[in-house]
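Trainee: The structure under discussion is supplied below as structure tokens; questions concerning it will follow.
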Amino acid sequence: APLPLTALEITTLQAVCAQGPHPRMRRRAQAVLGHHRGASIGTLATLFAVQYNTVSQWLRNWRSHGLAGLAEASRSGRPPKLPPTAKKK
């Protein structure tokens with residue numbers, strides 16, 4: 001069944017799709033909107049080239065935490081060598 005969204009949620013997700021702070025967050029917002037519009041999880045997984053379980057997790061995160069559930073989490077790994085000001089150049 002399509003994911004029910006309010007008008008405010010749709011507007012918020014559309015704004016994140018257009019101007020979200022991170023490309024992965026924009027992609028997750030697009031998936032939530034796609035599911036609301038009737039696309040199946042399998043179709044969305046194919047469209048975004050991810051596993052079925054990944055899209056399912058995005059939708060669970062949205063249901064549980066709203067927009068915060070789509071935000072980019074911190075990742076492990078080596079810290080960047082360049083300071084943030086040097087990356088923008």
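Residues in the structure tokens are named by chain (A, B, ... in the order shown) and by number from 1 within that chain; ligands are numbered from 1 in the order shown.
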Using only C-alpha atoms, what does the table of range 31-57 of chain A residues within 6 Å of range 2-23 of chain A look like, with each row giving the shortest atom pair and its distance in Å to one decimal, sorted by chain and ascending number, as CSV?
Mentor:
```
residue,atom,partner,partner_atom,distance
A:His35,CA,A:Pro2,CA,5.7
A:His36,CA,A:Leu3,CA,4.4
A:Gly38,CA,A:Pro2,CA,5.1
```
Trainee: Quick one: residues within 7 Å of range 65-72 of chain A, only C-alpha atoms counted, chain neighbours fewer than 3 positions away excluded, as a PDB file with N, CA, C and O atoms, in the first residue's frame?
Mentor:
```
ATOM      1  N   MET A  25      20.576  12.021   1.221  1.00  0.00           N
ATOM      2  CA  MET A  25      19.315  12.417   1.868  1.00  0.00           C
ATOM      3  C   MET A  25      18.280  12.780   0.799  1.00  0.00           C
ATOM      4  O   MET A  25      17.103  12.438   0.933  1.00  0.00           O
ATOM      5  N   ARG A  28      16.893   9.562  -0.579  1.00  0.00           N
ATOM      6  CA  ARG A  28      15.951   8.920   0.353  1.00  0.00           C
ATOM      7  C   ARG A  28      14.597   9.620   0.325  1.00  0.00           C
ATOM      8  O   ARG A  28      13.552   8.969   0.353  1.00  0.00           O
ATOM      9  N   ALA A  29      14.622  10.954   0.254  1.00  0.00           N
ATOM     10  CA  ALA A  29      13.374  11.714   0.184  1.00  0.00           C
ATOM     11  C   ALA A  29      12.627  11.387  -1.108  1.00  0.00           C
ATOM     12  O   ALA A  29      11.397  11.249  -1.116  1.00  0.00           O
ATOM     13  N   TRP A  58      14.784   2.764   4.568  1.00  0.00           N
ATOM     14  CA  TRP A  58      14.529   4.203   4.413  1.00  0.00           C
ATOM     15  C   TRP A  58      13.097   4.527   4.810  1.00  0.00           C
ATOM     16  O   TRP A  58      12.851   5.506   5.512  1.00  0.00           O
ATOM     17  N   ASN A  61      12.663   4.233   8.557  1.00  0.00           N
ATOM     18  CA  ASN A  61      13.266   5.394   9.217  1.00  0.00           C
ATOM     19  C   ASN A  61      12.359   6.614   9.099  1.00  0.00           C
ATOM     20  O   ASN A  61      12.231   7.393  10.044  1.00  0.00           O
ATOM     21  N   TRP A  62      11.740   6.788   7.946  1.00  0.00           N
ATOM     22  CA  TRP A  62      10.818   7.909   7.751  1.00  0.00           C
ATOM     23  C   TRP A  62       9.622   7.783   8.700  1.00  0.00           C
ATOM     24  O   TRP A  62       9.233   8.737   9.351  1.00  0.00           O
TER      25      TRP A  62
END
```
Trainee: Can you work out which one of A:Arg63, A:Ser76, A:Arg24, A:Val55 has the shortest atom-to-atom distance to Ala39 in chain A, counting only C-alpha atoms?
Mentor: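 That would be A:Val55, the residue with the smallest distance to Ala39 in chain A.
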Trainee: Counting only C-alpha atoms, which residue out of A:Lys81, A:Arg75, A:Arg37, A:Arg27 sits closest to Val50 in chain A?
Mentor: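 The shortest atom-to-atom distance to Val50 in chain A comes from A:Arg27.
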Trainee: Hey, which of A:Arg78, A:Pro84, A:Tyr52, A:Ser64 ends up closest to Ser40 in chain A? Count only C-alpha atoms.
Mentor: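 For Ser40 in chain A, the nearest of the candidates is A:Tyr52.
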Trainee: Would you compute the distance between CA of Phe48 in chain A and CA of Pro80 in chain A? Give it in Å to one decimal.
Mentor: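 Atom-to-atom, CA of Phe48 in chain A to CA of Pro80 in chain A, that is 27.2 Å.
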